[in-house]
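Data block for my_file.cif (mmCIF, C-alpha atoms and all ligand atoms):
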data_entry
loop_
_atom_site.label_atom_id
_atom_site.label_comp_id
_atom_site.auth_asym_id
_atom_site.auth_seq_id
_atom_site.Cartn_x
_atom_site.Cartn_y
_atom_site.Cartn_z
CA MET A 24 2.55 0.31 27.88
CA LYS A 25 0.07 -1.09 30.44
CA LYS A 26 -2.12 -4.02 29.49
CA ASP A 27 -5.19 -2.24 30.96
CA ASP A 28 -4.84 0.38 28.24
CA LEU A 29 -4.85 -2.04 25.31
CA TYR A 30 -7.87 -3.08 23.25
CA SER A 31 -8.28 -5.32 20.25
CA ILE A 32 -10.58 -3.69 17.67
CA ARG A 33 -11.88 -5.75 14.74
CA MET A 34 -14.14 -4.85 11.82
CA ARG A 35 -15.86 -7.24 9.41
CA ALA A 36 -18.18 -6.04 6.63
CA SER A 37 -20.27 -8.34 4.43
CA CYS A 38 -23.16 -8.29 1.98
CA ASN A 39 -25.56 -11.26 1.80
CA GLY A 40 -22.96 -13.20 3.78
CA ARG A 41 -20.20 -12.40 1.24
CA HIS A 42 -17.05 -10.85 2.71
CA ILE A 43 -16.53 -7.21 1.68
CA SER A 44 -13.74 -5.98 3.93
CA GLY A 45 -12.07 -6.40 7.28
CA ALA A 46 -9.54 -4.70 9.51
CA GLU A 47 -8.07 -5.14 12.94
CA GLY A 48 -5.50 -3.75 15.31
CA ILE A 49 -4.47 -3.36 18.94
CA TYR A 50 -4.87 0.15 20.25
CA ASN A 51 -4.65 2.33 23.34
CA LYS A 52 -7.89 3.28 25.06
CA LYS A 53 -7.58 6.90 23.87
CA SER A 54 -7.58 5.80 20.20
CA ILE A 55 -10.78 3.72 20.35
CA SER A 56 -13.33 6.29 19.11
CA GLY A 57 -11.09 7.48 16.24
CA ILE A 58 -10.39 3.92 15.10
CA VAL A 59 -14.06 2.92 15.25
CA ARG A 60 -14.90 5.91 13.03
CA GLU A 61 -12.06 5.03 10.62
CA TYR A 62 -13.12 1.36 10.41
CA ALA A 63 -16.77 2.33 9.81
CA GLU A 64 -15.69 4.64 6.96
CA ARG A 65 -13.61 1.86 5.45
CA ALA A 66 -16.46 -0.61 5.71
CA ILE A 67 -18.87 1.56 3.74
CA ASN A 68 -16.37 2.77 1.15
CA HIS A 69 -14.92 -0.41 -0.31
CA SER A 70 -14.43 -1.21 -3.99
CA ARG A 71 -16.23 -4.54 -3.43
CA GLY A 72 -19.50 -2.67 -2.73
CA LEU A 73 -21.77 -1.54 0.09
CA PRO A 74 -22.11 -3.98 3.00
CA ASP A 75 -25.48 -4.89 4.53
CA GLU A 76 -23.79 -5.85 7.80
CA VAL A 77 -20.83 -4.31 9.61
CA ASN A 78 -19.52 -5.72 12.88
CA ILE A 79 -17.04 -3.78 14.98
CA LYS A 80 -15.85 -5.58 18.08
CA ILE A 81 -13.84 -3.94 20.86
CA ARG A 82 -12.31 -6.16 23.49
CA ALA A 83 -9.85 -5.39 26.28
CA LEU A 84 -6.70 -7.53 26.04
CA LYS A 85 -6.43 -10.10 28.82
CA GLY A 86 -2.63 -10.10 28.96
CA MET A 87 0.32 -8.21 27.57
CA PRO A 88 0.95 -8.85 23.87
CA VAL A 89 4.10 -10.55 22.61
CA PHE A 90 6.27 -7.83 21.00
CA ILE A 91 7.95 -8.83 17.72
CA PRO A 92 9.75 -7.12 14.81
CA LEU A 93 8.17 -6.63 11.39
CA LEU A 94 9.47 -8.92 8.64
CA ARG A 95 11.86 -7.31 6.19
CA MET A 96 10.14 -6.50 2.90
CA ILE A 97 10.92 -6.63 -0.81
CA THR A 98 9.04 -6.79 -4.13
CA VAL A 99 10.23 -9.22 -6.82
CA ARG A 100 9.46 -7.87 -10.28
CA ASN A 101 7.78 -10.04 -12.91
CA TYR A 102 5.80 -9.43 -16.08
CA SER A 103 3.14 -12.16 -16.19
CA ILE A 104 1.14 -14.70 -14.23
CA ASP A 105 3.42 -17.43 -15.63
CA ASP A 106 6.53 -15.62 -14.34
CA ALA A 107 4.87 -15.21 -10.94
CA GLY A 108 3.99 -18.93 -10.85
CA ALA A 109 7.57 -19.90 -11.75
CA PHE A 110 8.93 -17.60 -9.02
CA ILE A 111 6.54 -19.02 -6.40
CA ARG A 112 7.57 -22.61 -7.25
CA ARG A 113 11.27 -21.74 -7.17
CA LEU A 114 11.07 -19.91 -3.84
CA LEU A 115 8.95 -22.56 -2.10
CA LEU A 116 11.25 -25.32 -3.35
CA ARG A 117 14.21 -23.31 -2.02
CA LEU A 118 12.49 -23.48 1.37
CA HIS A 119 12.45 -27.29 1.03
CA ILE A 120 8.72 -27.47 0.46
CA PRO A 121 8.19 -30.53 -1.77
CA ASP A 122 6.75 -30.19 -5.26
CA GLY A 123 3.49 -31.94 -4.43
CA VAL A 124 2.81 -29.61 -1.49
CA VAL A 125 3.59 -26.55 -3.65
CA GLU A 126 1.07 -27.70 -6.29
CA GLN A 127 -1.49 -28.44 -3.54
CA SER A 128 -1.10 -24.88 -2.21
CA LEU A 129 -1.47 -23.35 -5.69
CA TYR A 130 -4.63 -25.37 -6.18
CA ILE A 131 -6.05 -24.06 -2.87
CA ILE A 132 -5.39 -20.39 -3.63
CA SER A 133 -6.66 -20.55 -7.20
CA GLY A 134 -9.77 -22.61 -6.47
CA GLU A 135 -13.33 -21.39 -6.80
CA LYS A 136 -14.18 -22.03 -3.18
CA ASN A 137 -12.55 -19.30 -1.08
CA MET A 138 -11.88 -20.19 2.53
CA ARG A 139 -12.24 -17.31 5.00
CA GLY A 140 -9.26 -18.59 6.99
CA ALA A 141 -5.92 -20.12 6.07
CA ALA A 142 -5.19 -23.70 5.11
CA LEU A 143 -2.45 -25.39 7.18
CA ILE A 144 -0.37 -27.98 5.34
CA ASP A 145 2.20 -30.34 6.86
CA ILE A 146 5.14 -30.02 4.47
CA LYS A 147 6.24 -33.61 4.96
CA SER A 148 3.00 -35.58 4.87
CA SER A 149 1.02 -32.94 2.87
CA ASP A 150 -1.83 -33.48 5.36
CA ARG A 151 -4.26 -30.63 5.97
CA LEU A 152 -3.91 -29.79 9.66
CA GLU A 153 -6.68 -27.32 10.44
CA PRO A 154 -9.56 -28.81 12.45
CA ASP A 155 -12.19 -27.44 10.02
CA THR A 156 -11.00 -27.34 6.40
CA ASP A 157 -13.99 -25.21 5.28
CA ARG A 158 -13.32 -22.49 7.83
CA GLY A 159 -9.51 -22.65 7.97
CA ILE A 160 -7.48 -20.84 10.61
CA ARG A 161 -7.93 -17.11 11.15
CA SER A 162 -4.74 -15.46 12.23
CA THR A 163 -5.85 -12.52 14.32
CA GLU A 164 -5.10 -10.51 17.50
CA VAL A 165 -2.31 -8.49 15.95
CA GLY A 166 -1.39 -4.81 15.86
CA ILE A 167 1.45 -2.34 15.52
CA SER A 168 2.57 0.29 18.04
CA GLU A 169 1.88 3.94 17.17
CA GLU A 170 5.56 4.73 16.74
CA SER A 171 6.30 1.68 14.57
CA GLY A 172 3.15 2.38 12.53
CA ARG A 173 4.45 5.88 11.77
CA LEU A 174 7.88 4.54 10.84
CA LEU A 175 6.36 1.84 8.63
CA SER A 176 4.33 4.47 6.73
CA GLU A 177 7.45 6.60 6.31
CA ARG A 178 9.47 3.69 4.90
CA LEU A 179 6.71 2.42 2.59
CA SER A 180 5.90 5.83 1.21
CA PRO A 181 8.88 6.21 -1.23
CA PHE A 182 7.71 3.01 -2.95
CA GLY A 183 4.08 4.14 -3.20
CA LEU A 184 3.09 1.35 -0.80
CA ASP A 185 1.85 3.29 2.20
CA ASN A 186 -1.73 2.02 2.20
CA ASN A 187 -3.92 -0.07 4.52
CA THR A 188 -3.69 -3.23 2.40
CA VAL A 189 0.10 -3.42 2.43
CA ARG A 190 0.54 -2.21 6.02
CA GLU A 191 -1.99 -4.68 7.42
CA ALA A 192 -0.77 -7.59 5.28
CA VAL A 193 2.85 -7.28 6.42
CA VAL A 194 1.82 -6.90 10.08
CA LEU A 195 -0.33 -10.05 9.89
CA ALA A 196 2.33 -12.00 7.97
CA SER A 197 4.92 -11.04 10.61
CA LYS A 198 2.82 -12.59 13.35
CA VAL A 199 2.38 -15.81 11.36
CA ALA A 200 6.07 -16.08 10.40
CA TYR A 201 7.23 -15.48 13.99
CA HIS A 202 6.05 -18.92 15.09
CA ASP A 203 8.76 -21.61 14.99
CA SER A 204 6.50 -24.19 13.32
CA ILE A 205 5.74 -22.00 10.29
CA VAL A 206 8.08 -22.43 7.32
CA ALA A 207 6.27 -19.96 5.07
CA GLU A 208 2.94 -18.42 4.12
CA LEU A 209 1.56 -17.99 0.60
CA CYS A 210 -1.15 -15.34 0.25
CA VAL A 211 -3.31 -14.19 -2.66
CA SER A 212 -5.95 -11.54 -2.02
CA ASP A 213 -9.53 -12.51 -2.87
CA ASN A 214 -10.15 -8.91 -3.93
CA PRO A 215 -10.69 -9.00 -7.73
CA ASP A 216 -8.90 -5.63 -8.10
CA TYR A 217 -5.80 -6.70 -6.19
CA THR A 218 -3.27 -8.81 -8.08
CA THR A 219 -0.19 -8.62 -5.83
CA GLY A 220 0.32 -11.42 -3.33
CA TYR A 221 3.22 -12.57 -1.19
CA ILE A 222 5.28 -15.37 0.25
CA ALA A 223 6.51 -14.67 3.77
CA GLY A 224 8.63 -16.57 6.25
CA GLY A 225 11.23 -16.08 8.96
CA ALA A 226 14.07 -17.06 6.58
CA ILE A 227 13.01 -14.87 3.64
CA GLY A 228 11.03 -11.96 5.04
CA TYR A 229 7.92 -10.63 3.26
CA VAL A 230 8.32 -11.11 -0.49
CA ARG A 231 5.73 -9.28 -2.60
CA ILE A 232 4.78 -10.91 -5.91
CA PRO A 233 2.94 -8.81 -8.54
CA ASN A 234 0.73 -10.54 -11.17
CA ILE A 235 -0.05 -13.39 -8.81
CA LYS A 236 -3.53 -13.71 -10.32
CA LYS A 237 -5.67 -12.41 -13.18
CA ALA A 238 -7.40 -9.03 -12.60
CA GLY A 239 -11.12 -9.56 -12.06
CA SER A 240 -10.73 -12.97 -10.46
CA ASP A 241 -12.15 -13.33 -6.96
CA SER A 242 -10.19 -16.46 -6.12
CA GLY A 243 -7.56 -16.18 -3.39
CA GLY A 244 -6.57 -17.45 0.00
CA ARG A 245 -3.77 -18.17 2.41
CA VAL A 246 -1.72 -21.30 2.97
CA PHE A 247 0.54 -21.77 5.98
CA PHE A 248 3.29 -24.36 5.42
CA VAL A 249 3.88 -26.14 8.71
CA LYS A 250 6.92 -28.12 9.91
CA ASP A 251 6.45 -31.83 10.37
CA GLY A 252 5.71 -32.75 13.99
CA ALA A 253 4.42 -29.30 15.01
CA ASP A 254 2.11 -29.02 18.01
CA ILE A 255 -1.01 -28.00 16.05
CA LYS A 256 -3.16 -27.14 19.06
CA GLU A 257 -0.48 -24.77 20.35
CA LEU A 258 0.06 -23.29 16.86
CA VAL A 259 -3.66 -22.63 16.32
CA HIS A 260 -3.89 -21.06 19.78
CA TYR A 261 -0.96 -18.76 18.92
CA LEU A 262 -2.43 -17.77 15.54
CA GLU A 263 -6.00 -17.19 16.70
CA GLU A 264 -5.66 -16.06 20.29
CA THR A 265 -2.21 -14.81 21.30
CA PRO A 266 -2.04 -11.00 21.05
CA VAL A 267 1.06 -9.90 19.14
CA MET A 268 2.28 -6.38 18.51
CA ILE A 269 4.94 -5.12 16.14
CA ASN A 270 7.33 -2.72 17.86
CA ASP A 271 10.32 -2.73 15.51
CA ILE A 272 10.56 -2.07 11.75
CA SER A 273 13.06 -4.01 9.61
CA ASP A 274 14.57 -3.19 6.22
CA ILE A 275 12.10 -2.21 3.47
CA LYS A 276 13.36 -2.45 -0.12
CA GLY A 277 11.75 -1.60 -3.45
CA GLU A 278 11.59 -3.83 -6.54
CA VAL A 279 14.33 -6.26 -7.54
CA SER A 280 14.51 -8.83 -10.35
CA ASP A 281 14.23 -12.52 -9.51
CA SER A 282 17.91 -13.05 -10.35
CA GLU A 283 18.90 -10.26 -7.96
CA PHE A 284 16.63 -11.80 -5.35
CA PHE A 285 18.00 -15.33 -5.64
CA GLY A 286 21.56 -14.15 -6.28
CA SER A 287 22.10 -11.72 -3.48
CA ILE A 288 19.05 -11.30 -1.28
CA ILE A 289 18.52 -14.84 -0.09
CA GLY A 290 21.90 -16.14 -1.36
C1 LIG A 301 -5.34 -8.81 1.35
O1 LIG A 301 -5.42 -8.13 2.36
O2 LIG A 301 -6.26 -8.93 0.58
C2 LIG A 301 -4.01 -9.47 1.06
C3 LIG A 301 -3.05 -8.52 0.45
C4 LIG A 301 -1.75 -9.20 0.12
C5 LIG A 301 -0.68 -8.35 -0.53
C6 LIG A 301 -0.42 -7.00 0.05
C7 LIG A 301 0.79 -6.32 -0.61
O3 LIG A 301 0.61 -5.70 -1.66
O4 LIG A 301 1.91 -6.44 -0.09
#
Mind turning this structure into structure tokens?
Amino acid sequence: MKKDDLYSIRMRASCNGRHISGAEGIYNKKSISGIVREYAERAINHSRGLPDEVNIKIRALKGMPVFIPLLRMITVRNYSIDDAGAFIRRLLLRLHIPDGVVEQSLYIISGEKNMRGAALIDIKSSDRLEPDTDRGIRSTEVGISEESGRLLSERLSPFGLDNNTVREAVVLASKVAYHDSIVAELCVSDNPDYTTGYIAGGAIGYVRIPNIKKAGSDSGGRVFFVKDGADIKELVHYLEETPVMINDISDIKGEVSDSEFFGSIIG
């Protein structure tokens, strides 16, 4: 793969300034026109409504991307928002994220004011680390190779998960989790129709959590839990500007119970 052939393509659709949908990837030159058509179709056919503005940006990559594997994936079954909340607390505590920081993150993702980017929290001091706490940090510049994309679809398909939302979420989460300073990410979609979220991290993989919020609620967001003493400037540069591409697919499992998960999956 030559760097001259690679382009970052990003789509953002909004209505009266309100986010409707977005998509992004890194593609070969020959795929550009097909992807632009696909992104335009997605922008005007979203359950959140018709946008009044669609931006599609195509930019040649300046350097070679960093190639990384996809996180392994699993879904932990639960039957209610309360169960999901209990699971989130248990898993984040298992990752040595203190109680107060866990509650702070739950407050951020369930609040009325949705940030477009992610909140960064120092897990020791509980300080917010992003330079602009209204904007947050936008993890971007990420894609998946054609071959790995095909394999990912094949492996998601038996679980009924081969769709843009899941594929793009696990690709993005894999970039975030790959950085040494990230302990974990907690994500809840701000789409009112989408009630599955995830916790992802290098030590646990991508853990899908159904019933993470009430259907119809447009709250949501992302929190990145950051190791104490991390170089924040370098981390933000990695998340926002370093091109990363998935070129290897890890294990993809279906649903397990929380006792199976804690008993045998993460030990
Ligand atoms: C989003 O794109 O709105 C976030 C989706 C998070 C969960 C995706 C999944 O079902 O694994």
Quiz prompt | Neighbours of point (10.6, -8.6, 9.2) within 8 Å, using all atoms listed in the file, written as a list of chain:residue names | solution =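 Output of the proximity query reads A:Pro92, A:Leu93, A:Leu94, A:Arg95, A:Met96, A:Ser197, A:Gly225, A:Gly228, A:Tyr229, A:Ile272, A:Ser273, A:Asp274.
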Exercise. Name the residues in contact with A:Ala200 at a cut-off of 8 Å, using only C-alpha atoms, excluding same-chain residues fewer than 5 positions from it; report them as a PyMOL selection string.
Key: chain A and resi 205-208+223-225
Practice problem: Place a sphere of radius 9 Å on (1.7, -3.0, 20.2) in the file coordinates and name every protein, DNA or RNA residue with an atom inside or on its surface, counting all atoms listed in the file; give the answer as a VMD selection string. | Solution: chain A and resid 24 29 48 to 51 88 to 91 165 to 169 171 266 to 270
What would the file look like if the residues just selected were written as a short mmCIF file (atom, residue, chain, number, x, y, z; two decimals), in the frame of the given file with C-alpha atoms?
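Written output follows (part.cif):
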data_model
loop_
_atom_site.label_atom_id
_atom_site.label_comp_id
_atom_site.auth_asym_id
_atom_site.auth_seq_id
_atom_site.Cartn_x
_atom_site.Cartn_y
_atom_site.Cartn_z
CA MET A 24 2.55 0.31 27.88
CA LEU A 29 -4.85 -2.04 25.31
CA GLY A 48 -5.50 -3.75 15.31
CA ILE A 49 -4.47 -3.36 18.94
CA TYR A 50 -4.87 0.15 20.25
CA ASN A 51 -4.65 2.33 23.34
CA PRO A 88 0.95 -8.85 23.87
CA VAL A 89 4.10 -10.55 22.61
CA PHE A 90 6.27 -7.83 21.00
CA ILE A 91 7.95 -8.83 17.72
CA VAL A 165 -2.31 -8.49 15.95
CA GLY A 166 -1.39 -4.81 15.86
CA ILE A 167 1.45 -2.34 15.52
CA SER A 168 2.57 0.29 18.04
CA GLU A 169 1.88 3.94 17.17
CA SER A 171 6.30 1.68 14.57
CA PRO A 266 -2.04 -11.00 21.05
CA VAL A 267 1.06 -9.90 19.14
CA MET A 268 2.28 -6.38 18.51
CA ILE A 269 4.94 -5.12 16.14
CA ASN A 270 7.33 -2.72 17.86
#
Exercise. Using all atoms listed in the file, pick whichever of A:Ala226, A:Ala109, A:Ala141, A:Ile289 has the shortest atom-to-atom distance to ligand LIG 301 (chain A).
Key: A:Ala141
Which residues of chain A come within 9 Å of ligand LIG 301 (chain A), and what is each one's closest atom pair and distance in Å (one decimal), counting all atoms listed in the file, sorted by chain and residue number, as a tab-separated table?
residue	atom	partner	partner_atom	distance
A:Ser44	CA	A:LIG301	O2	8.7
A:Gly45	CA	A:LIG301	O1	8.5
A:Ala46	CA	A:LIG301	O1	8.9
A:Met96	CA	A:LIG301	O4	8.8
A:Thr98	CA	A:LIG301	O4	8.2
A:Leu184	CA	A:LIG301	O3	7.5
A:Asn186	CA	A:LIG301	O3	8.9
A:Asn187	CA	A:LIG301	O1	8.5
A:Thr188	CA	A:LIG301	O1	5.2
A:Val189	CA	A:LIG301	C7	4.3
A:Arg190	CA	A:LIG301	O4	7.6
A:Glu191	CA	A:LIG301	O1	7.0
A:Ala192	CA	A:LIG301	C6	5.3
A:Val193	CA	A:LIG301	O4	6.6
A:Cys210	CA	A:LIG301	C4	6.2
A:Val211	CA	A:LIG301	C4	5.9
A:Ser212	CA	A:LIG301	O2	3.7
A:Asp213	CA	A:LIG301	O2	6.0
A:Asn214	CA	A:LIG301	O2	6.0
A:Tyr217	CA	A:LIG301	O2	7.1
A:Thr218	CA	A:LIG301	C5	8.0
A:Thr219	CA	A:LIG301	O3	5.2
A:Gly220	CA	A:LIG301	C5	4.3
A:Tyr221	CA	A:LIG301	C5	5.8
A:Tyr229	CA	A:LIG301	O4	8.1
A:Val230	CA	A:LIG301	O4	7.9
A:Arg231	CA	A:LIG301	O4	5.4
A:Ile232	CA	A:LIG301	O4	7.9
A:Pro233	CA	A:LIG301	O3	7.9
A:Gly243	CA	A:LIG301	O2	8.4
A:Gly244	CA	A:LIG301	C2	8.4
A:Arg245	CA	A:LIG301	C2	8.8
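Ranking A:Asp216, A:Val77, A:Gly286, A:Glu126 by their shortest atom-to-atom distance to A:Ala238, with only C-alpha atoms included, puts A:Asp216 first.
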Exercise. Tell me which protein, DNA and RNA residues are within 10 Å of A:Ile288, counting all atoms listed in the file, leaving out same-chain ones fewer than 6 positions away, and put them as number ranges by chain.
Key: A: 97, 227, 279, 281-282
Quiz prompt | 10 Å contact set for A:Ala253, all atoms listed in the file, chain neighbours under 3 positions out, as a list in words | solution =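 Those residues are Asp145, Leu152, Asp203, Ser204, Ile205, Val249, Lys250, Lys256, Glu257 and Leu258 of chain A.
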Can those selected residues be exported to a file as a PDB file, in the coordinates of the input so that it contains C-alpha atoms?
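Contents of the output file part.pdb:
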ATOM      1  CA  ASP A 145       2.200 -30.340   6.860  1.00  0.00           C
ATOM      2  CA  LEU A 152      -3.910 -29.790   9.660  1.00  0.00           C
ATOM      3  CA  ASP A 203       8.760 -21.610  14.990  1.00  0.00           C
ATOM      4  CA  SER A 204       6.500 -24.190  13.320  1.00  0.00           C
ATOM      5  CA  ILE A 205       5.740 -22.000  10.290  1.00  0.00           C
ATOM      6  CA  VAL A 249       3.880 -26.140   8.710  1.00  0.00           C
ATOM      7  CA  LYS A 250       6.920 -28.120   9.910  1.00  0.00           C
ATOM      8  CA  LYS A 256      -3.160 -27.140  19.060  1.00  0.00           C
ATOM      9  CA  GLU A 257      -0.480 -24.770  20.350  1.00  0.00           C
ATOM     10  CA  LEU A 258       0.060 -23.290  16.860  1.00  0.00           C
TER      11      LEU A 258
END
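Here atom CA of A:Ile275 is placed at a distance of 13.1 Å from atom CA of A:Val194.
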Quiz item: Expressed in Å to a single decimal, how great is the separation between atom CA of A:Phe248 and atom CA of A:Glu278?
Solution: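 These two atoms are separated by 25.2 Å.
Counting from atom CA of A:Thr156, the distance to atom CA of A:Ser240 is 22.2 Å.
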Self-check item: A:Lys136 surroundings by all atoms listed in the file, 9 Å radius, close-in-sequence under 3 positions cut, as number ranges by chain
Solution: A: 131-133, 242-243
